[in-house]
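Novice: My structure is in work-v5.cif, and what it holds is mmCIF, C-alpha atoms, pLDDT in the B column; chains and numbers go by the auth columns:
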```
data_data
#
loop_
_atom_site.group_PDB
_atom_site.id
_atom_site.type_symbol
_atom_site.label_atom_id
_atom_site.label_comp_id
_atom_site.label_asym_id
_atom_site.label_seq_id
_atom_site.Cartn_x
_atom_site.Cartn_y
_atom_site.Cartn_z
_atom_site.B_iso_or_equiv
_atom_site.auth_seq_id
_atom_site.auth_asym_id
ATOM 1 C CA MET A 1 -17.168 -8.995 -11.960 59.00 145 A
ATOM 2 C CA THR A 2 -19.199 -5.828 -12.060 75.00 146 A
ATOM 3 C CA ASP A 3 -19.379 -3.629 -15.123 87.00 147 A
ATOM 4 C CA PHE A 4 -18.023 -0.669 -13.116 89.00 148 A
ATOM 5 C CA ASN A 5 -14.956 -2.634 -12.018 90.00 149 A
ATOM 6 C CA LEU A 6 -14.142 -3.637 -15.597 90.00 150 A
ATOM 7 C CA LEU A 7 -14.993 -0.217 -17.007 89.00 151 A
ATOM 8 C CA PHE A 8 -12.742 1.567 -14.505 90.00 152 A
ATOM 9 C CA PHE A 9 -9.997 -1.032 -15.010 92.00 153 A
ATOM 10 C CA ASN A 10 -10.089 -0.548 -18.792 90.00 154 A
ATOM 11 C CA PHE A 11 -10.137 3.246 -18.418 91.00 155 A
ATOM 12 C CA ILE A 12 -6.939 3.274 -16.315 91.00 156 A
ATOM 13 C CA ASN A 13 -5.180 0.365 -18.019 92.00 157 A
ATOM 14 C CA SER A 14 -5.883 1.623 -21.547 88.00 158 A
ATOM 15 C CA GLY A 15 -3.151 4.264 -21.216 85.00 159 A
ATOM 16 C CA ALA A 16 -0.444 1.672 -20.669 88.00 160 A
ATOM 17 C CA ARG A 17 1.947 1.211 -23.598 87.00 161 A
ATOM 18 C CA TYR A 18 0.700 4.452 -25.201 87.00 162 A
ATOM 19 C CA TYR A 19 2.630 6.745 -22.873 87.00 163 A
ATOM 20 C CA PRO A 20 6.140 5.272 -22.497 90.00 164 A
ATOM 21 C CA ARG A 21 7.329 7.812 -19.894 93.00 165 A
ATOM 22 C CA LEU A 22 4.240 7.241 -17.760 92.00 166 A
ATOM 23 C CA ASP A 23 4.773 3.484 -18.156 93.00 167 A
ATOM 24 C CA GLN A 24 8.340 3.833 -16.871 94.00 168 A
ATOM 25 C CA LEU A 25 7.304 6.082 -14.002 94.00 169 A
ATOM 26 C CA LEU A 26 4.472 3.859 -12.783 94.00 170 A
ATOM 27 C CA LEU A 27 6.567 0.696 -13.207 92.00 171 A
ATOM 28 C CA PHE A 28 9.255 2.348 -11.083 95.00 172 A
ATOM 29 C CA VAL A 29 6.675 3.364 -8.457 95.00 173 A
ATOM 30 C CA THR A 30 5.082 -0.064 -8.228 93.00 174 A
ATOM 31 C CA SER A 31 8.261 -2.141 -8.531 91.00 175 A
ATOM 32 C CA TYR A 32 10.851 -0.187 -6.551 94.00 176 A
ATOM 33 C CA LEU A 33 9.682 3.071 -5.007 95.00 177 A
ATOM 34 C CA THR A 34 6.952 1.443 -2.906 94.00 178 A
ATOM 35 C CA THR A 35 9.425 -0.833 -1.140 94.00 179 A
ATOM 36 C CA PHE A 36 11.936 2.006 -0.772 96.00 180 A
ATOM 37 C CA VAL A 37 9.375 4.376 0.788 95.00 181 A
ATOM 38 C CA VAL A 38 8.056 1.734 3.196 93.00 182 A
ATOM 39 C CA MET A 39 11.617 0.864 4.267 94.00 183 A
ATOM 40 C CA LEU A 40 12.625 4.533 4.595 93.00 184 A
ATOM 41 C CA VAL A 41 9.608 5.369 6.753 92.00 185 A
ATOM 42 C CA ALA A 42 10.181 2.203 8.798 90.00 186 A
ATOM 43 C CA LEU A 43 13.786 3.214 9.462 91.00 187 A
ATOM 44 C CA TYR A 44 12.641 6.705 10.436 87.00 188 A
ATOM 45 C CA VAL A 45 9.937 5.448 12.812 85.00 189 A
ATOM 46 C CA LEU A 46 11.800 2.466 14.233 84.00 190 A
ATOM 47 C CA PHE A 47 15.290 3.896 14.628 83.00 191 A
ATOM 48 C CA TRP A 48 15.663 7.618 14.058 83.00 192 A
ATOM 49 C CA LEU A 49 12.713 8.820 16.142 78.00 193 A
ATOM 50 C CA PRO A 50 13.358 6.678 19.250 77.00 194 A
ATOM 51 C CA TRP A 51 17.067 7.459 19.382 79.00 195 A
ATOM 52 C CA HIS A 52 16.609 11.167 18.826 78.00 196 A
ATOM 53 C CA SER A 53 13.991 11.564 21.543 78.00 197 A
ATOM 54 C CA GLN A 54 14.806 13.727 24.520 83.00 198 A
ATOM 55 C CA GLY A 55 14.100 12.261 27.932 83.00 199 A
ATOM 56 C CA LEU A 56 13.282 8.757 29.017 82.00 200 A
ATOM 57 C CA SER A 57 9.478 9.127 28.953 79.00 201 A
ATOM 58 C CA HIS A 58 9.511 10.540 25.414 80.00 202 A
ATOM 59 C CA ARG A 59 11.887 7.822 24.252 78.00 203 A
ATOM 60 C CA LEU A 60 9.642 5.136 25.763 79.00 204 A
ATOM 61 C CA GLN A 61 6.622 6.678 24.005 79.00 205 A
ATOM 62 C CA THR A 62 8.401 6.654 20.629 82.00 206 A
ATOM 63 C CA LEU A 63 9.415 3.021 21.209 82.00 207 A
ATOM 64 C CA ARG A 64 5.769 2.229 21.956 83.00 208 A
ATOM 65 C CA ASP A 65 4.775 4.064 18.750 84.00 209 A
ATOM 66 C CA SER A 66 7.372 2.034 16.851 87.00 210 A
ATOM 67 C CA PHE A 67 5.877 -1.181 18.169 89.00 211 A
ATOM 68 C CA GLU A 68 2.403 0.013 17.142 89.00 212 A
ATOM 69 C CA PHE A 69 3.808 0.730 13.655 90.00 213 A
ATOM 70 C CA ILE A 70 5.191 -2.814 13.362 92.00 214 A
ATOM 71 C CA VAL A 71 2.001 -4.451 14.621 94.00 215 A
ATOM 72 C CA ALA A 72 -0.137 -2.424 12.192 95.00 216 A
ATOM 73 C CA LEU A 73 1.961 -3.268 9.129 94.00 217 A
ATOM 74 C CA VAL A 74 2.455 -6.937 9.992 95.00 218 A
ATOM 75 C CA SER A 75 -1.252 -7.377 10.814 96.00 219 A
ATOM 76 C CA THR A 76 -2.249 -5.746 7.547 97.00 220 A
ATOM 77 C CA TRP A 77 0.147 -7.954 5.576 96.00 221 A
ATOM 78 C CA PHE A 78 -1.078 -11.099 7.319 97.00 222 A
ATOM 79 C CA ILE A 79 -4.772 -10.319 6.710 97.00 223 A
ATOM 80 C CA VAL A 80 -4.084 -9.514 3.042 97.00 224 A
ATOM 81 C CA GLN A 81 -2.264 -12.819 2.561 96.00 225 A
ATOM 82 C CA LEU A 82 -5.071 -14.730 4.270 97.00 226 A
ATOM 83 C CA LEU A 83 -7.743 -13.064 2.127 97.00 227 A
ATOM 84 C CA LYS A 84 -5.786 -13.705 -1.063 96.00 228 A
ATOM 85 C CA VAL A 85 -5.810 -17.443 -0.347 95.00 229 A
ATOM 86 C CA LEU A 86 -9.431 -17.532 0.836 96.00 230 A
ATOM 87 C CA VAL A 87 -10.890 -15.504 -2.034 94.00 231 A
ATOM 88 C CA ALA A 88 -8.445 -16.643 -4.778 91.00 232 A
ATOM 89 C CA ILE A 89 -9.303 -14.166 -7.547 92.00 233 A
ATOM 90 C CA PRO A 90 -6.845 -14.381 -10.449 92.00 234 A
ATOM 91 C CA ARG A 91 -5.014 -11.272 -11.615 91.00 235 A
ATOM 92 C CA PRO A 92 -6.591 -9.340 -14.529 91.00 236 A
ATOM 93 C CA PHE A 93 -3.949 -10.386 -17.052 88.00 237 A
ATOM 94 C CA MET A 94 -4.780 -14.036 -16.328 88.00 238 A
ATOM 95 C CA THR A 95 -8.475 -13.718 -17.175 88.00 239 A
ATOM 96 C CA LEU A 96 -8.890 -10.708 -19.464 87.00 240 A
ATOM 97 C CA HIS A 97 -7.748 -10.581 -23.055 84.00 241 A
ATOM 98 C CA ASP A 98 -6.490 -7.535 -24.936 85.00 242 A
ATOM 99 C CA ILE A 99 -5.297 -5.586 -21.915 88.00 243 A
ATOM 100 C CA ASN A 100 -1.987 -3.824 -21.447 85.00 244 A
ATOM 101 C CA VAL A 101 0.177 -5.841 -19.091 86.00 245 A
ATOM 102 C CA LEU A 102 3.356 -4.181 -17.895 86.00 246 A
ATOM 103 C CA LEU A 103 4.111 -6.680 -15.081 81.00 247 A
ATOM 104 C CA PRO A 104 3.263 -10.112 -16.515 77.00 248 A
ATOM 105 C CA GLY A 105 5.532 -11.948 -14.065 80.00 249 A
ATOM 106 C CA GLN A 106 3.375 -11.163 -11.033 79.00 250 A
ATOM 107 C CA THR A 107 2.309 -14.273 -9.181 84.00 251 A
ATOM 108 C CA GLY A 108 -0.344 -14.944 -6.601 87.00 252 A
ATOM 109 C CA TYR A 109 -3.881 -13.717 -6.457 93.00 253 A
ATOM 110 C CA SER A 110 -5.314 -10.303 -7.156 92.00 254 A
ATOM 111 C CA PHE A 111 -7.701 -9.632 -4.266 95.00 255 A
ATOM 112 C CA PRO A 112 -6.993 -7.610 -2.167 97.00 256 A
ATOM 113 C CA SER A 113 -4.061 -5.471 -3.273 96.00 257 A
ATOM 114 C CA GLY A 114 -1.180 -5.819 -0.847 96.00 258 A
ATOM 115 C CA HIS A 115 0.453 -2.675 -2.211 96.00 259 A
ATOM 116 C CA ALA A 116 -2.672 -0.593 -1.583 98.00 260 A
ATOM 117 C CA ALA A 117 -3.240 -2.123 1.852 98.00 261 A
ATOM 118 C CA THR A 118 0.348 -1.642 2.971 96.00 262 A
ATOM 119 C CA THR A 119 0.765 1.921 1.731 97.00 263 A
ATOM 120 C CA VAL A 120 -2.558 3.045 3.234 98.00 264 A
ATOM 121 C CA ALA A 121 -1.768 1.240 6.511 97.00 265 A
ATOM 122 C CA LEU A 122 1.590 2.994 6.554 96.00 266 A
ATOM 123 C CA ALA A 123 0.004 6.387 5.881 97.00 267 A
ATOM 124 C CA THR A 124 -2.671 5.828 8.519 97.00 268 A
ATOM 125 C CA ILE A 125 -0.353 4.775 11.318 94.00 269 A
ATOM 126 C CA VAL A 126 2.084 7.605 10.532 94.00 270 A
ATOM 127 C CA TYR A 127 -0.703 10.202 10.224 95.00 271 A
ATOM 128 C CA VAL A 128 -1.698 9.626 13.859 92.00 272 A
ATOM 129 C CA LYS A 129 1.589 11.133 15.106 88.00 273 A
ATOM 130 C CA HIS A 130 2.958 13.027 12.097 89.00 274 A
ATOM 131 C CA LYS A 131 0.103 14.643 10.155 94.00 275 A
ATOM 132 C CA GLN A 132 2.127 16.218 7.328 95.00 276 A
ATOM 133 C CA LEU A 133 4.110 13.066 6.587 93.00 277 A
ATOM 134 C CA GLY A 134 0.886 11.058 6.819 95.00 278 A
ATOM 135 C CA VAL A 135 -0.804 13.256 4.203 97.00 279 A
ATOM 136 C CA LEU A 136 2.184 12.810 1.855 97.00 280 A
ATOM 137 C CA LEU A 137 2.015 9.063 2.394 97.00 281 A
ATOM 138 C CA TYR A 138 -1.725 9.020 1.621 98.00 282 A
ATOM 139 C CA CYS A 139 -0.976 10.807 -1.670 97.00 283 A
ATOM 140 C CA PHE A 140 1.743 8.274 -2.359 97.00 284 A
ATOM 141 C CA ALA A 141 -0.714 5.423 -1.592 98.00 285 A
ATOM 142 C CA VAL A 142 -3.104 6.796 -4.233 97.00 286 A
ATOM 143 C CA VAL A 143 -0.332 6.828 -6.854 97.00 287 A
ATOM 144 C CA VAL A 144 0.731 3.293 -5.892 97.00 288 A
ATOM 145 C CA SER A 145 -2.861 2.060 -6.096 97.00 289 A
ATOM 146 C CA ILE A 146 -3.375 3.579 -9.535 96.00 290 A
ATOM 147 C CA SER A 147 -0.066 2.099 -10.693 96.00 291 A
ATOM 148 C CA ARG A 148 -1.287 -1.391 -9.781 95.00 292 A
ATOM 149 C CA ILE A 149 -4.327 -0.995 -12.046 95.00 293 A
ATOM 150 C CA TYR A 150 -2.374 0.785 -14.799 94.00 294 A
ATOM 151 C CA THR A 151 0.190 -2.037 -14.994 93.00 295 A
ATOM 152 C CA GLY A 152 -2.564 -4.646 -15.317 92.00 296 A
ATOM 153 C CA VAL A 153 -2.038 -6.587 -12.085 93.00 297 A
ATOM 154 C CA HIS A 154 -5.082 -5.446 -10.058 95.00 298 A
ATOM 155 C CA TYR A 155 -8.711 -4.537 -10.538 95.00 299 A
ATOM 156 C CA PRO A 156 -10.030 -1.294 -9.047 96.00 300 A
ATOM 157 C CA TYR A 157 -11.951 -3.250 -6.385 96.00 301 A
ATOM 158 C CA ASP A 158 -8.698 -4.973 -5.378 96.00 302 A
ATOM 159 C CA VAL A 159 -7.018 -1.664 -4.605 97.00 303 A
ATOM 160 C CA LEU A 160 -10.145 -0.125 -3.084 97.00 304 A
ATOM 161 C CA ILE A 161 -10.666 -3.019 -0.678 97.00 305 A
ATOM 162 C CA GLY A 162 -6.911 -3.185 -0.017 97.00 306 A
ATOM 163 C CA ALA A 163 -6.916 0.513 0.890 98.00 307 A
ATOM 164 C CA VAL A 164 -9.969 0.159 3.124 98.00 308 A
ATOM 165 C CA LEU A 165 -8.386 -2.866 4.775 98.00 309 A
ATOM 166 C CA GLY A 166 -5.105 -1.018 5.377 98.00 310 A
ATOM 167 C CA PHE A 167 -6.971 1.920 6.894 98.00 311 A
ATOM 168 C CA ALA A 168 -9.242 -0.256 9.045 98.00 312 A
ATOM 169 C CA VAL A 169 -6.492 -2.496 10.412 97.00 313 A
ATOM 170 C CA SER A 170 -4.178 0.421 11.233 96.00 314 A
ATOM 171 C CA SER A 171 -7.010 2.369 12.842 96.00 315 A
ATOM 172 C CA LEU A 172 -8.057 -0.626 14.919 96.00 316 A
ATOM 173 C CA ILE A 173 -4.477 -1.285 16.009 95.00 317 A
ATOM 174 C CA HIS A 174 -4.139 2.370 17.010 93.00 318 A
ATOM 175 C CA LEU A 175 -7.355 2.205 19.036 92.00 319 A
ATOM 176 C CA LEU A 176 -6.040 -0.880 20.829 91.00 320 A
ATOM 177 C CA PHE A 177 -2.771 0.879 21.609 87.00 321 A
ATOM 178 C CA ILE A 178 -4.299 4.051 23.020 83.00 322 A
ATOM 179 C CA LYS A 179 -6.315 2.169 25.637 64.00 323 A
#
```
Output the structure of this file as structure tokens.
Specialist:
Amino acid sequence: MTDFNLLFFNFINSGARYYPRLDQLLLFVTSYLTTFVVMLVALYVLFWLPWHSQGLSHRLQTLRDSFEFIVALVSTWFIVQLLKVLVAIPRPFMTLHDINVLLPGQTGYSFPSGHAATTVALATIVYVKHKQLGVLLYCFAVVVSISRIYTGVHYPYDVLIGAVLGFAVSSLIHLLFIK
């Protein structure tokens, strides 16, 4: 573990338990809001957009975009799960002492962050077609990533590599779909 990774982890995590409202907000973001936002965007992309498209060719294009969306998110999730098993780095609260743990019940491995990977993949694949929504989702991904460190379940490198992975997989899937 590098000094920078631990230093940055301690800097972000040190605020936990000292700011109860921030604790509640970031616990809500990481525990509930992330899933809600991903599901809401998925419903929008998979159902609302295709069925509110005018004309057959536009509807077929939105269905193709929906399929690209699914492939990007599922591929990202699969690669994250594979890397977690292959690398097998324990979560910070399992190896570090005297840290603030707000989500002690988290199981599985730390590297890479699935939350960071998924939210960045979501933002990337949406940004391609809907720039403004994509920018909002990138901002949301940053908050989610910070919440994972703040709550004590991920190191900064976990979320950084998760974010890079989410961006890379979604970008690659998009490149494959535009050919």
Novice: Could you check how far CA of Ala186 (chain A) sits from CA of Gly249 (chain A), in Å to one decimal?
Specialist: 27.3 Å
Novice: List every protein, DNA or RNA residue that has an atom no more than 9 Å from (-3.9, -7.6, -19.3) in the file's coordinate frame, counting all atoms listed in the file, and report them as a PDB file with C-alpha atoms, in the coordinates of the input.
Specialist:
```
ATOM      1  CA  ASN A 157      -5.180   0.365 -18.019  1.00 92.00           C
ATOM      2  CA  ARG A 235      -5.014 -11.272 -11.615  1.00 91.00           C
ATOM      3  CA  PRO A 236      -6.591  -9.340 -14.529  1.00 91.00           C
ATOM      4  CA  PHE A 237      -3.949 -10.386 -17.052  1.00 88.00           C
ATOM      5  CA  MET A 238      -4.780 -14.036 -16.328  1.00 88.00           C
ATOM      6  CA  THR A 239      -8.475 -13.718 -17.175  1.00 88.00           C
ATOM      7  CA  LEU A 240      -8.890 -10.708 -19.464  1.00 87.00           C
ATOM      8  CA  HIS A 241      -7.748 -10.581 -23.055  1.00 84.00           C
ATOM      9  CA  ASP A 242      -6.490  -7.535 -24.936  1.00 85.00           C
ATOM     10  CA  ILE A 243      -5.297  -5.586 -21.915  1.00 88.00           C
ATOM     11  CA  ASN A 244      -1.987  -3.824 -21.447  1.00 85.00           C
ATOM     12  CA  VAL A 245       0.177  -5.841 -19.091  1.00 86.00           C
ATOM     13  CA  LEU A 246       3.356  -4.181 -17.895  1.00 86.00           C
ATOM     14  CA  PRO A 248       3.263 -10.112 -16.515  1.00 77.00           C
ATOM     15  CA  THR A 295       0.190  -2.037 -14.994  1.00 93.00           C
ATOM     16  CA  GLY A 296      -2.564  -4.646 -15.317  1.00 92.00           C
ATOM     17  CA  VAL A 297      -2.038  -6.587 -12.085  1.00 93.00           C
TER      18      VAL A 297
END
```
Novice: For His318 (chain A), please output as a list in words all residues within 12 Å (counting all atoms listed in the file; exclusion window: fewer than 5 positions along the same chain).
Specialist: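 Selected residues are Arg208, Asp209, Ser210, Phe211, Glu212, Phe213, Ile214, Val215, Ala216, Leu217, Ser219, Ala265, Leu266, Thr268, Ile269, Val270, Tyr271, Val272, Lys273, Phe311, Ala312, Val313 and Lys323 of chain A.
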Novice: Go ahead and compute the interatomic distance for CA of Ile322 (chain A) and CA of Ala267 (chain A), in Å to one decimal.
Specialist: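 The value is 17.8 Å.
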Novice: Looking at A:Leu277, A:Val287, A:Val264, A:Ile317, which one is nearest to Leu169 (chain A), with distances taken over all atoms listed in the file?
Specialist: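 Looking at the shortest contact to Leu169 (chain A), the residue is A:Val287.
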Novice: In Å, rounded to a single decimal, give me how far CA of Thr262 (chain A) is from CA of Val224 (chain A).
Specialist: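 These two atoms are separated by 9.0 Å.
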Novice: May I ask which of the residues A:His274, A:Asp167, A:Gln250, A:Val218 is the closest one to Thr206 (chain A), counting all atoms listed in the file?
Specialist: A:His274
Novice: Counting all atoms listed in the file, which of A:Ser314, A:Asn149, A:Gln198, A:Thr178 gets nearest to His298 (chain A)?
Specialist: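 Looking at the shortest contact to His298 (chain A), the residue is A:Asn149.
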Novice: List as a tab-separated table (two decimals) with C-alpha atoms, in the coordinates of the input the residues having at least one atom at most 8 Å from position (-8.5, -2.5, -4.5) as given in the file, counting all atoms listed in the file.
Specialist:
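Output saved as result_23.tsv:
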```
chain	number	residue	atom	x	y	z
A	255	PHE	CA	-7.70	-9.63	-4.27
A	256	PRO	CA	-6.99	-7.61	-2.17
A	257	SER	CA	-4.06	-5.47	-3.27
A	260	ALA	CA	-2.67	-0.59	-1.58
A	289	SER	CA	-2.86	2.06	-6.10
A	298	HIS	CA	-5.08	-5.45	-10.06
A	299	TYR	CA	-8.71	-4.54	-10.54
A	300	PRO	CA	-10.03	-1.29	-9.05
A	301	TYR	CA	-11.95	-3.25	-6.38
A	302	ASP	CA	-8.70	-4.97	-5.38
A	303	VAL	CA	-7.02	-1.66	-4.61
A	304	LEU	CA	-10.14	-0.12	-3.08
A	305	ILE	CA	-10.67	-3.02	-0.68
A	306	GLY	CA	-6.91	-3.18	-0.02
A	307	ALA	CA	-6.92	0.51	0.89
```
Novice: Counting only C-alpha atoms, which residue out of A:Leu187, A:Gly199, A:His259, A:Arg165 sits closest to Ser291 (chain A)?
Specialist: A:His259
Novice: Because some atoms of region 172-190 of chain A are absent here, can you restore N, CA and C atoms and send them as a PDB file, keeping the file's coordinate frame?
Specialist:
```pdb
ATOM      1  N   PHE A 172       8.287   2.034 -12.134  1.00 95.00           N
ATOM      2  CA  PHE A 172       9.255   2.348 -11.083  1.00 95.00           C
ATOM      3  C   PHE A 172       8.560   2.481  -9.728  1.00 95.00           C
ATOM      4  N   VAL A 173       7.430   3.185  -9.714  1.00 95.00           N
ATOM      5  CA  VAL A 173       6.675   3.364  -8.457  1.00 95.00           C
ATOM      6  C   VAL A 173       6.254   2.022  -7.893  1.00 95.00           C
ATOM      7  N   THR A 174       5.653   1.188  -8.722  1.00 93.00           N
ATOM      8  CA  THR A 174       5.082  -0.064  -8.228  1.00 93.00           C
ATOM      9  C   THR A 174       6.137  -1.138  -7.957  1.00 93.00           C
ATOM     10  N   SER A 175       7.246  -1.102  -8.684  1.00 91.00           N
ATOM     11  CA  SER A 175       8.261  -2.141  -8.531  1.00 91.00           C
ATOM     12  C   SER A 175       9.340  -1.817  -7.508  1.00 91.00           C
ATOM     13  N   TYR A 176       9.716  -0.545  -7.405  1.00 94.00           N
ATOM     14  CA  TYR A 176      10.851  -0.187  -6.551  1.00 94.00           C
ATOM     15  C   TYR A 176      10.528   0.872  -5.493  1.00 94.00           C
ATOM     16  N   LEU A 177       9.880   1.946  -5.913  1.00 95.00           N
ATOM     17  CA  LEU A 177       9.682   3.071  -5.007  1.00 95.00           C
ATOM     18  C   LEU A 177       8.808   2.706  -3.804  1.00 95.00           C
ATOM     19  N   THR A 178       7.822   1.852  -4.013  1.00 94.00           N
ATOM     20  CA  THR A 178       6.952   1.443  -2.906  1.00 94.00           C
ATOM     21  C   THR A 178       7.766   0.797  -1.795  1.00 94.00           C
ATOM     22  N   THR A 179       8.589  -0.163  -2.142  1.00 94.00           N
ATOM     23  CA  THR A 179       9.425  -0.833  -1.140  1.00 94.00           C
ATOM     24  C   THR A 179      10.387   0.153  -0.494  1.00 94.00           C
ATOM     25  N   PHE A 180      10.991   1.026  -1.296  1.00 96.00           N
ATOM     26  CA  PHE A 180      11.936   2.006  -0.772  1.00 96.00           C
ATOM     27  C   PHE A 180      11.267   2.943   0.231  1.00 96.00           C
ATOM     28  N   VAL A 181      10.080   3.450  -0.105  1.00 95.00           N
ATOM     29  CA  VAL A 181       9.375   4.376   0.788  1.00 95.00           C
ATOM     30  C   VAL A 181       8.977   3.678   2.083  1.00 95.00           C
ATOM     31  N   VAL A 182       8.444   2.473   1.982  1.00 93.00           N
ATOM     32  CA  VAL A 182       8.056   1.734   3.196  1.00 93.00           C
ATOM     33  C   VAL A 182       9.278   1.505   4.080  1.00 93.00           C
ATOM     34  N   MET A 183      10.394   1.101   3.487  1.00 94.00           N
ATOM     35  CA  MET A 183      11.617   0.864   4.267  1.00 94.00           C
ATOM     36  C   MET A 183      12.160   2.164   4.867  1.00 94.00           C
ATOM     37  N   LEU A 184      12.133   3.245   4.108  1.00 93.00           N
ATOM     38  CA  LEU A 184      12.625   4.533   4.595  1.00 93.00           C
ATOM     39  C   LEU A 184      11.791   5.029   5.784  1.00 93.00           C
ATOM     40  N   VAL A 185      10.482   4.951   5.653  1.00 92.00           N
ATOM     41  CA  VAL A 185       9.608   5.369   6.753  1.00 92.00           C
ATOM     42  C   VAL A 185       9.796   4.443   7.954  1.00 92.00           C
ATOM     43  N   ALA A 186       9.945   3.153   7.700  1.00 90.00           N
ATOM     44  CA  ALA A 186      10.181   2.203   8.798  1.00 90.00           C
ATOM     45  C   ALA A 186      11.471   2.538   9.537  1.00 90.00           C
ATOM     46  N   LEU A 187      12.530   2.827   8.818  1.00 91.00           N
ATOM     47  CA  LEU A 187      13.786   3.214   9.462  1.00 91.00           C
ATOM     48  C   LEU A 187      13.620   4.489  10.278  1.00 91.00           C
ATOM     49  N   TYR A 188      12.889   5.447   9.736  1.00 87.00           N
ATOM     50  CA  TYR A 188      12.641   6.705  10.436  1.00 87.00           C
ATOM     51  C   TYR A 188      11.874   6.453  11.743  1.00 87.00           C
ATOM     52  N   VAL A 189      10.794   5.683  11.645  1.00 85.00           N
ATOM     53  CA  VAL A 189       9.937   5.448  12.812  1.00 85.00           C
ATOM     54  C   VAL A 189      10.589   4.509  13.823  1.00 85.00           C
ATOM     55  N   LEU A 190      11.256   3.486  13.328  1.00 84.00           N
ATOM     56  CA  LEU A 190      11.800   2.466  14.233  1.00 84.00           C
ATOM     57  C   LEU A 190      13.148   2.834  14.842  1.00 84.00           C
TER      58      LEU A 190
END
```
